[in-house]
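Quick look at protein-v9.pdb (PDB, C-alpha atoms):
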ATOM      1  CA  MET A 156    -161.106  61.987 117.456
ATOM      2  CA  GLY A 157    -158.232  59.578 116.739
ATOM      3  CA  LYS A 158    -157.929  60.609 113.070
ATOM      4  CA  ARG A 159    -157.921  64.282 114.018
ATOM      5  CA  SER A 160    -155.080  63.681 116.529
ATOM      6  CA  ASN A 161    -153.014  61.874 113.893
ATOM      7  CA  THR A 162    -153.631  64.649 111.384
ATOM      8  CA  ILE A 163    -152.623  67.338 113.872
ATOM      9  CA  ARG A 164    -149.540  65.332 114.907
ATOM     10  CA  TRP A 165    -148.401  65.013 111.258
ATOM     11  CA  LEU A 166    -149.039  68.711 110.630
ATOM     12  CA  VAL A 167    -146.884  69.618 113.643
ATOM     13  CA  ILE A 168    -144.090  67.275 112.495
ATOM     14  CA  PHE A 169    -144.280  68.614 108.938
ATOM     15  CA  SER A 170    -144.211  72.227 110.188
ATOM     16  CA  ALA A 171    -141.206  71.553 112.414
ATOM     17  CA  ILE A 172    -139.271  69.902 109.585
ATOM     18  CA  SER A 173    -140.166  72.732 107.201
ATOM     19  CA  CYS A 174    -138.883  75.316 109.680
ATOM     20  CA  ILE A 175    -135.607  73.447 110.141
ATOM     21  CA  LEU A 176    -135.044  73.041 106.399
ATOM     22  CA  SER A 177    -135.877  76.641 105.575
ATOM     23  CA  PHE A 178    -133.827  78.166 108.419
ATOM     24  CA  PRO A 179    -131.407  80.708 106.884
ATOM     25  CA  ALA A 180    -128.061  79.173 105.970
ATOM     26  CA  ASP A 181    -126.206  82.250 107.219
ATOM     27  CA  LEU A 182    -127.472  81.669 110.751
ATOM     28  CA  HIS A 183    -126.449  78.020 110.613
ATOM     29  CA  ALA A 184    -123.051  79.071 109.312
ATOM     30  CA  GLN A 185    -122.440  81.654 112.004
ATOM     31  CA  GLN A 186    -123.416  79.340 114.834
ATOM     32  CA  ALA A 187    -121.606  76.320 113.452
ATOM     33  CA  ALA A 188    -118.289  77.993 112.767
ATOM     34  CA  GLY A 189    -118.274  80.694 115.415
ATOM     35  CA  ALA A 190    -117.395  83.027 112.564
ATOM     36  CA  GLU A 191    -118.903  86.291 111.539
ATOM     37  CA  VAL A 192    -121.215  86.064 108.600
ATOM     38  CA  SER A 193    -120.454  89.012 106.402
ATOM     39  CA  ALA A 194    -123.105  91.696 106.429
ATOM     40  CA  GLY A 195    -121.690  92.968 103.155
ATOM     41  CA  THR A 196    -121.774  90.544 100.281
ATOM     42  CA  GLU A 197    -121.425  90.848  96.548
ATOM     43  CA  GLU A 198    -123.484  88.813  94.118
ATOM     44  CA  THR A 199    -121.270  86.647  91.918
ATOM     45  CA  SER A 200    -122.534  83.958  89.571
ATOM     46  CA  HIS A 201    -125.691  83.495  91.621
ATOM     47  CA  HIS A 202    -123.646  83.084  94.833
ATOM     48  CA  SER A 203    -122.690  85.870  97.158
ATOM     49  CA  ALA A 204    -119.067  86.404  98.147
ATOM     50  CA  PRO A 205    -117.968  88.302 101.243
ATOM     51  CA  ALA A 206    -117.253  91.914 100.263
ATOM     52  CA  THR A 207    -113.639  93.076 100.100
ATOM     53  CA  ASP A 208    -114.160  95.352 103.115
ATOM     54  CA  THR A 209    -114.351  92.168 105.207
ATOM     55  CA  PHE A 210    -110.767  91.198 104.350
ATOM     56  CA  GLY A 211    -108.855  90.348 107.516
ATOM     57  CA  GLN A 212    -112.032  89.231 109.320
ATOM     58  CA  THR A 213    -113.018  85.630 109.937
ATOM     59  CA  GLN A 214    -115.480  84.496 107.267
ATOM     60  CA  PHE A 215    -117.453  81.320 106.596
ATOM     61  CA  VAL A 216    -118.574  79.962 103.221
ATOM     62  CA  LEU A 217    -120.151  76.739 102.083
ATOM     63  CA  SER A 218    -118.453  74.615  99.443
ATOM     64  CA  GLY A 219    -119.331  75.881  95.983
ATOM     65  CA  ASP A 220    -119.410  79.512  97.125
ATOM     66  CA  PRO A 221    -116.861  82.243  96.335
ATOM     67  CA  VAL A 222    -114.266  83.124  98.963
ATOM     68  CA  VAL A 223    -113.585  86.530  97.363
ATOM     69  CA  PRO A 224    -115.511  88.548  94.732
ATOM     70  CA  PRO A 225    -114.133  89.032  91.189
ATOM     71  CA  ARG A 226    -111.458  91.740  91.104
ATOM     72  CA  ASP A 227    -108.124  92.540  89.505
ATOM     73  CA  TYR A 228    -106.337  92.021  92.809
ATOM     74  CA  ALA A 229    -102.981  92.982  91.270
ATOM     75  CA  LYS A 230    -104.422  96.524  91.014
ATOM     76  CA  GLY A 231    -106.525  96.657  94.191
ATOM     77  CA  LEU A 232    -109.884  95.869  95.744
ATOM     78  CA  GLU A 233    -112.075  98.122  93.599
ATOM     79  CA  ILE A 234    -114.634  96.878  91.090
ATOM     80  CA  PRO A 235    -112.785  96.872  87.756
ATOM     81  CA  ASN A 236    -113.525  99.608  85.221
ATOM     82  CA  PRO A 237    -114.352  97.825  81.922
ATOM     83  CA  ASP A 238    -112.762 100.686  79.930
ATOM     84  CA  GLU A 239    -109.334  99.754  81.343
ATOM     85  CA  TYR A 240    -109.373  96.205  79.908
ATOM     86  CA  ASP A 241    -109.443  94.586  76.494
ATOM     87  CA  PRO A 242    -113.030  93.288  76.016
ATOM     88  CA  ILE A 243    -111.805  89.755  75.273
ATOM     89  CA  GLU A 244    -109.217  89.654  78.075
ATOM     90  CA  SER A 245    -110.128  86.973  80.597
ATOM     91  CA  GLY A 246    -108.486  85.853  83.813
ATOM     92  CA  THR A 247    -106.851  89.058  85.048
ATOM     93  CA  ILE A 248    -110.075  89.631  86.956
ATOM     94  CA  PHE A 249    -110.813  86.550  89.048
ATOM     95  CA  ASP A 250    -112.597  85.142  92.055
ATOM     96  CA  ILE A 251    -111.827  82.039  94.098
ATOM     97  CA  VAL A 252    -114.436  79.394  94.909
ATOM     98  CA  TYR A 253    -114.052  76.847  97.707
ATOM     99  CA  LEU A 254    -114.921  73.385  96.360
ATOM    100  CA  GLY A 255    -114.433  71.377  99.569
ATOM    101  CA  VAL A 256    -112.062  68.651 100.745
ATOM    102  CA  ALA A 257    -111.299  65.530  98.719
ATOM    103  CA  ASP A 258    -108.634  62.927  99.451
ATOM    104  CA  GLY A 259    -107.118  65.039 102.235
ATOM    105  CA  ARG A 260    -106.768  68.105 100.018
ATOM    106  CA  MET A 261    -108.642  71.426  99.978
ATOM    107  CA  ARG A 262    -109.871  72.252  96.492
ATOM    108  CA  PHE A 263    -110.400  75.716  95.069
ATOM    109  CA  GLU A 264    -111.386  76.984  91.637
ATOM    110  CA  ILE A 265    -109.877  80.178  90.238
ATOM    111  CA  ARG A 266    -112.490  81.619  87.894
ATOM    112  CA  GLY A 267    -111.495  84.245  85.337
ATOM    113  CA  TYR A 268    -113.859  86.979  84.170
ATOM    114  CA  THR A 269    -113.970  89.568  81.433
ATOM    115  CA  ALA A 270    -114.287  93.162  82.649
ATOM    116  CA  THR A 271    -117.662  93.472  80.950
ATOM    117  CA  ASP A 272    -119.248  90.456  82.694
ATOM    118  CA  LEU A 273    -118.520  89.919  86.382
ATOM    119  CA  GLN A 274    -121.519  87.585  86.770
ATOM    120  CA  ASN A 275    -120.452  84.736  84.492
ATOM    121  CA  PRO A 276    -116.962  83.242  84.649
ATOM    122  CA  ASP A 277    -115.163  82.845  81.333
ATOM    123  CA  THR A 278    -112.398  80.471  82.478
ATOM    124  CA  GLY A 279    -111.686  78.152  85.392
ATOM    125  CA  GLN A 280    -108.733  76.353  86.923
ATOM    126  CA  THR A 281    -108.830  73.961  89.877
ATOM    127  CA  VAL A 282    -106.019  74.008  92.440
ATOM    128  CA  ASP A 283    -105.626  72.010  95.632
ATOM    129  CA  PHE A 284    -103.606  72.182  98.826
ATOM    130  CA  PRO A 285    -103.003  69.795 101.752
ATOM    131  CA  VAL A 286    -105.856  70.073 104.258
ATOM    132  CA  GLU A 287    -103.369  70.753 107.064
ATOM    133  CA  GLN A 288    -101.897  73.784 105.251
ATOM    134  CA  GLN A 289    -102.952  76.869 107.197
ATOM    135  CA  SER A 290    -101.925  79.624 104.780
ATOM    136  CA  ILE A 291    -102.633  79.522 101.052
ATOM    137  CA  GLU A 292    -101.545  82.002  98.414
ATOM    138  CA  ILE A 293    -103.475  82.173  95.152
ATOM    139  CA  ARG A 294    -102.229  84.993  92.936
ATOM    140  CA  ASN A 295    -102.630  88.175  95.030
ATOM    141  CA  ILE A 296    -104.829  86.603  97.710
ATOM    142  CA  ARG A 297    -103.667  85.010 100.951
ATOM    143  CA  ILE A 298    -106.200  82.717 102.615
ATOM    144  CA  ASP A 299    -105.549  81.879 106.269
ATOM    145  CA  VAL A 300    -107.494  78.685 106.894
ATOM    146  CA  GLU A 301    -109.083  78.300 110.321
ATOM    147  CA  ALA A 302    -111.191  75.209 109.508
ATOM    148  CA  ALA A 303    -111.606  73.294 106.258
ATOM    149  CA  GLU A 304    -114.424  70.770 106.039
ATOM    150  CA  SER A 305    -115.842  68.974 103.021
ATOM    151  CA  GLY A 306    -118.874  71.278 103.057
ATOM    152  CA  SER A 307    -117.506  74.542 104.464
ATOM    153  CA  LEU A 308    -114.490  76.783 104.986
ATOM    154  CA  THR A 309    -113.744  79.178 107.851
ATOM    155  CA  TYR A 310    -110.971  81.581 106.859
ATOM    156  CA  LYS A 311    -109.524  85.085 106.655
ATOM    157  CA  ALA A 312    -108.690  86.513 103.229
ATOM    158  CA  ASN A 313    -106.220  89.308 102.524
ATOM    159  CA  ARG A 314    -104.802  90.919  99.422
ATOM    160  CA  PHE A 315    -101.032  91.077  99.160
ATOM    161  CA  SER A 316     -98.567  92.459  96.656
ATOM    162  CA  GLU A 317     -96.478  89.812  94.921
ATOM    163  CA  THR A 318     -93.547  92.236  94.694
ATOM    164  CA  SER A 319     -93.465  93.133  98.388
ATOM    165  CA  GLY A 320     -94.908  89.923  99.803
ATOM    166  CA  ASN A 321     -97.446  91.968 101.832
TER     167      ASN A 321
END
Kindly return the structure encoded in the file as structure tokens.
Amino acid sequence: MGKRSNTIRWLVIFSAISCILSFPADLHAQQAAGAEVSAGTEETSHHSAPATDTFGQTQFVLSGDPVVPPRDYAKGLEIPNPDEYDPIESGTIFDIVYLGVADGRMRFEIRGYTATDLQNPDTGQTVDFPVEQQSIEIRNIRIDVEAAESGSLTYKANRFSETSGN
């Protein structure tokens, strides 16, 4: 009877740990940050980015995930038409990935894409900002930071025109 009790006890512990580890990350994210987890996402380089129709809403991403999907934000929020771009042009269409906090600075990667492949970035550039900075502008995207942690970012993203400032 003693061996059976130990076996059952270990099965219960193993099951509980398995449930905790496999619990959906989106639910953890929503509860931890008090932010809305986007119902609409777009698949980008094997990571989903909040869809552009969530701009202006509080979002939450883990480090290593895109903050915005790849677009030509100088033109708008629509998925780029490959016929409007040179096939070897790279970087006009971009996304932004949150890399986390290091040495008191938030790190982001701007990844450039060709119009014919929005799944695999062609170029990349890392930029960083002081962790206490609450508003960040990267090209045509303004990111209002609500909370920046080493493993996650709570924020609102918006597109703005460089000529008008809005």
* Given the file shown, enumerate the residues that the PyMOL selection byres ((chain A and resi 248) around 12) captures and present them as an MDAnalysis selection string. => chainID A and resid 223:237 239:247 249:251 265:279 294:295
**Item:** the PyMOL selection byres ((chain A and resi 216) around 9) resolved against shown file, as a ChimeraX atom specification
**Value:** /A:181,184,192,204-205,214-215,217-222,253,306-310
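When all atoms listed in the file are used to compute distances to Lys311 of chain A, the closest of the residues A:Gly255, A:Glu264, A:Phe284, A:Ile291 turns out to be A:Ile291.
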Inset, instruction - Taking the file as shown, find all residues satisfying the PyMOL selection byres ((chain A and resi 286-289) around 6) and write them as a PyMOL selection string. - result: chain A and resi 259-261+285+290+299-300
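The interatomic distance for the pair atom CA of Thr281 of chain A and atom CA of Gly211 of chain A works out to 24.1 Å.
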note - atom CA of Phe263 of chain A and atom CA of Ser203 of chain A are separated by 16.1 Å
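Among the candidate residues A:Asn161, A:Arg262, A:Gln212, A:Ala206, the one lying nearest to Ala312 of chain A is A:Gln212, with distances computed using all atoms listed in the file.
From atom CA of Val252 of chain A back to atom CA of Phe210 of chain A, the distance works out to 15.6 Å.
Candidate residues A:Thr213, A:Ser316, A:Ala257, A:Asp238 were compared for distance to Asp283 of chain A, and the nearest is A:Ala257, using all atoms listed in the file.
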Fix up segment 269-293 of chain A with N, CA and C atoms, then write it as a tab-separated table (two decimals), in the coordinates of the input.
chain	number	residue	atom	x	y	z
A	269	THR	N	-114.24	88.40	82.26
A	269	THR	CA	-113.97	89.57	81.43
A	269	THR	C	-114.46	90.78	82.21
A	270	ALA	N	-113.91	91.95	81.92
A	270	ALA	CA	-114.29	93.16	82.65
A	270	ALA	C	-115.73	93.57	82.39
A	271	THR	N	-116.29	93.09	81.29
A	271	THR	CA	-117.66	93.47	80.95
A	271	THR	C	-118.71	92.53	81.53
A	272	ASP	N	-118.29	91.41	82.12
A	272	ASP	CA	-119.25	90.46	82.69
A	272	ASP	C	-118.68	89.83	83.96
A	273	LEU	N	-119.00	90.43	85.10
A	273	LEU	CA	-118.52	89.92	86.38
A	273	LEU	C	-119.50	88.92	87.00
A	274	GLN	N	-120.54	88.55	86.28
A	274	GLN	CA	-121.52	87.58	86.77
A	274	GLN	C	-121.24	86.17	86.28
A	275	ASN	N	-120.64	86.05	85.10
A	275	ASN	CA	-120.45	84.74	84.49
A	275	ASN	C	-118.98	84.49	84.21
A	276	PRO	N	-118.38	83.51	84.89
A	276	PRO	CA	-116.96	83.24	84.65
A	276	PRO	C	-116.71	82.78	83.21
A	277	ASP	N	-115.56	83.19	82.70
A	277	ASP	CA	-115.16	82.84	81.33
A	277	ASP	C	-114.19	81.67	81.32
A	278	THR	N	-113.39	81.54	82.38
A	278	THR	CA	-112.40	80.47	82.48
A	278	THR	C	-112.41	79.91	83.89
A	279	GLY	N	-111.79	78.75	84.07
A	279	GLY	CA	-111.69	78.15	85.39
A	279	GLY	C	-110.48	77.24	85.49
A	280	GLN	N	-109.88	77.22	86.66
A	280	GLN	CA	-108.73	76.35	86.92
A	280	GLN	C	-108.85	75.85	88.36
A	281	THR	N	-108.74	74.54	88.54
A	281	THR	CA	-108.83	73.96	89.88
A	281	THR	C	-107.43	73.80	90.45
A	282	VAL	N	-107.28	74.19	91.72
A	282	VAL	CA	-106.02	74.01	92.44
A	282	VAL	C	-106.34	73.35	93.77
A	283	ASP	N	-105.38	72.60	94.32
A	283	ASP	CA	-105.63	72.01	95.63
A	283	ASP	C	-104.39	72.12	96.51
A	284	PHE	N	-104.64	72.03	97.81
A	284	PHE	CA	-103.61	72.18	98.83
A	284	PHE	C	-103.86	71.15	99.93
A	285	PRO	N	-102.80	70.72	100.64
A	285	PRO	CA	-103.00	69.80	101.75
A	285	PRO	C	-103.96	70.40	102.78
A	286	VAL	N	-104.85	69.58	103.32
A	286	VAL	CA	-105.86	70.07	104.26
A	286	VAL	C	-105.22	70.65	105.52
A	287	GLU	N	-104.02	70.23	105.86
A	287	GLU	CA	-103.37	70.75	107.06
A	287	GLU	C	-102.64	72.08	106.82
A	288	GLN	N	-102.55	72.51	105.57
A	288	GLN	CA	-101.90	73.78	105.25
A	288	GLN	C	-102.76	74.93	105.76
A	289	GLN	N	-102.17	75.81	106.55
A	289	GLN	CA	-102.95	76.87	107.20
A	289	GLN	C	-102.95	78.19	106.44
A	290	SER	N	-101.98	78.39	105.56
A	290	SER	CA	-101.92	79.62	104.78
A	290	SER	C	-101.75	79.27	103.31
A	291	ILE	N	-102.62	79.82	102.48
A	291	ILE	CA	-102.63	79.52	101.05
A	291	ILE	C	-102.50	80.83	100.29
A	292	GLU	N	-101.67	80.83	99.28
A	292	GLU	CA	-101.54	82.00	98.41
A	292	GLU	C	-101.99	81.63	97.01
A	293	ILE	N	-102.98	82.34	96.52
A	293	ILE	CA	-103.48	82.17	95.15
A	293	ILE	C	-103.42	83.55	94.51
